[in-house]
Amino acid sequence: MKAILFSAAAGWLARLLAILLNLVGTPIVLAELGPSRFGLLLVILSISSWIGFANVGMGRVIANTVARTRRSTSAFKTETVSLATALSAVINLLLFGAAAAALMVFMWMVPVNETILANYSESIVTVLVVFFGLALWFFLSIFEGIDAGHHQLHRLYLFQVASYAVSFALLLFVFPAHPSIVFAAVLLSLGFLFGSVFHALDVVRRNRDLFSSEWRWKPRIARRLLLSSVHFTIISLGIGILYQLATGLFGLIAGPDAVIELGIFMRLMQSYGGLVVAFTYPLSNILATKLKMRDELTAARIVRLSGAVLLAGSCLGGGVFWLFGNLALSIWLRTTIELDRLFLTAAALLVVLSALQFFFSALLIGTSNIREAARLQVWQSLIYVPIACVLFKIWGQEGVLLAMDAVMSAGLAIMIRCVWNHPVIKAAFMVQLVGRTRPSTTI
């Protein structure tokens, strides 16, 4: 238990530093680059994040494998980790090559805005650098999974804390003297990466028995590794399309200046989403454990309490943004921001809906309905793009937020219907378990 608490504390510290880096760094970058180049940076970061759609989630599979066999030194574990490391390296190298080629074709075929043309070379270089950084991060998830399986994930977070500290120093003392879009993208999006690299070296040093240079290709293990991660991959893909596609897509179509407020808000939503995921990700594991132990009363209490906390926190956050969003953004960015009431209302609603989406997704996963969660994410991402395109033509940035609200509301209704069929979840929402957790006293 002590190791779990230590990992949780270190993880929150790393996340808070990441948020602080963005909060402090965004106005600095805006002041140094200027509004047009800053808007271009937001578009580039959105485009670069599209490579995240291809993350196969190999680290989670390795974490499960190591956790199940962590007290043994089985040959299967060594074969699996060694094969996964080689397979992940090949996949992510191909991913970077395919993403780079797709980018060049896309930029050649699609007419781009004047701001992009004026900074064409720097834009291409920045996207490629972030592509490579994210592909490397996906590969390094193998080593993250090993420490997660050994309940030593705090080591990764401590390395990342040190990495964020270095990024802070570079942002405050080096970036103002050498401002560039490439430098800003690395600091704001890849501040953790150096820590992850050194953590990987540390994992190899401590777990030499898990890595063998004599590994052989085994189709059965490779197929198991890939199939086990497919549902988590689909969920990540759906979330990425909803939260990361809009700024880059419409920024390319209408120009960076047309989506600068949307891009700023979605940067805030990524930080907010990281905190919500840190809360809901353990929820699915705890719920699954309690249900497996048939401790239905405790499971219902956990669902009820976590749902109440998340709903109250998200409503508070959404309400505060609706009331004081313009003032807070103006103080933060040191410039006047005038978001209209439609933008503020749609954004505040998105804050609440996002939290509820992650909460009910966690319930679906915890009740062994991960396939249903993946299917819902696919459905949402497919209908979101055409709706967003139509509403963007009518209302601009506000239309994109309204499209997200509409899609998430429909998805949330379906999620509630799915989990409502589970007796324990239904009992949690009805406050008490009826006849399932207490013995009958009727004579």
# chains A, B, ... in the order shown; residues from 1 in each chain; ligands from 1
$ closest_atom_pairs --of "segment 203-288 of chain A" --to "segment 9-28 of chain A" --cutoff "9 Å" --atoms "only C-alpha atoms" --output "JSON lines"
{"residue": "A:Ile264", "atom": "CA", "partner": "A:Thr26", "partner_atom": "CA", "distance": 8.7}
{"residue": "A:Arg267", "atom": "CA", "partner": "A:Asn22", "partner_atom": "CA", "distance": 8.2}
{"residue": "A:Leu268", "atom": "CA", "partner": "A:Ile19", "partner_atom": "CA", "distance": 8.4}
{"residue": "A:Ser271", "atom": "CA", "partner": "A:Ile19", "partner_atom": "CA", "distance": 5.8}
{"residue": "A:Tyr272", "atom": "CA", "partner": "A:Ile19", "partner_atom": "CA", "distance": 8.5}
{"residue": "A:Gly274", "atom": "CA", "partner": "A:Arg15", "partner_atom": "CA", "distance": 7.3}
{"residue": "A:Leu275", "atom": "CA", "partner": "A:Arg15", "partner_atom": "CA", "distance": 7.3}
{"residue": "A:Ala278", "atom": "CA", "partner": "A:Trp12", "partner_atom": "CA", "distance": 7.9}
$ residues_around --residues "segment 323-327 of chain A" --least-positions-apart "6" --cutoff "12 Å" --atoms "only C-alpha atoms" --output "list in words"
Glu261, Ile264, Phe265, Leu268, Leu316, Gly317, Leu333, Arg334, Thr335, Thr336, Ile337, Glu338, Leu339, Asp340, Arg341, Phe343, Leu344, Thr345, Ala347 and Ala348 of chain A
$ closest_residue --among "A:Arg155, A:Lys393, A:Lys290, A:Lys77" --to "Ser212 of chain A" --atoms "only C-alpha atoms"
A:Lys77
$ atom_distance --atom1 "atom CA of Leu190 of chain A" --atom2 "atom CA of Leu140 of chain A"
13.2 Å
$ residues_around --residues "Gly59 of chain A" --least-positions-apart "6" --cutoff "7 Å" --atoms "only C-alpha atoms" --output "ChimeraX atom specification"
/A:141-142,144-145
$ residues_around --residues "segment 349-366 of chain A" --least-positions-apart "2" --cutoff "9 Å" --atoms "only C-alpha atoms" --output "MDAnalysis selection string"
chainID A and resid 269 272:273 276:277 279:289 291 303 306:307 310:311 313:319 321:322 344:347 368:373 401:402 404:405 408:409 411:412 415:416 418:419 425
$ residues_around --residues "Ile260 of chain A" --least-positions-apart "4" --cutoff "12 Å" --atoms "only C-alpha atoms" --output "ChimeraX atom specification"
/A:30,34-44,46,246-248,250-252,254-256,264-267,337,339,396-398
$ closest_residue --among "A:Ala328, A:Phe173, A:Ser236, A:Phe168" --to "Val378 of chain A" --atoms "only C-alpha atoms"
A:Ser236
$ select_by_dssp --residues "segment 148-212 of chain A" --states "helix (DSSP H, G or I)" --output "MDAnalysis selection string"
chainID A and resid 148:149 154:173 175:177 181:189 193:206 208:210
$ atom_distance --atom1 "atom CA of Ala427 of chain A" --atom2 "atom CA of Ile239 of chain A"
28.7 Å
$ closest_residue --among "A:Ser196, A:Asn119, A:Val424, A:Glu32" --to "Pro176 of chain A" --atoms "only C-alpha atoms"
A:Glu32
$ closest_residue --among "A:Ser381, A:Asn113, A:Ser180, A:Thr126" --to "Ala100 of chain A" --atoms "only C-alpha atoms"
A:Thr126
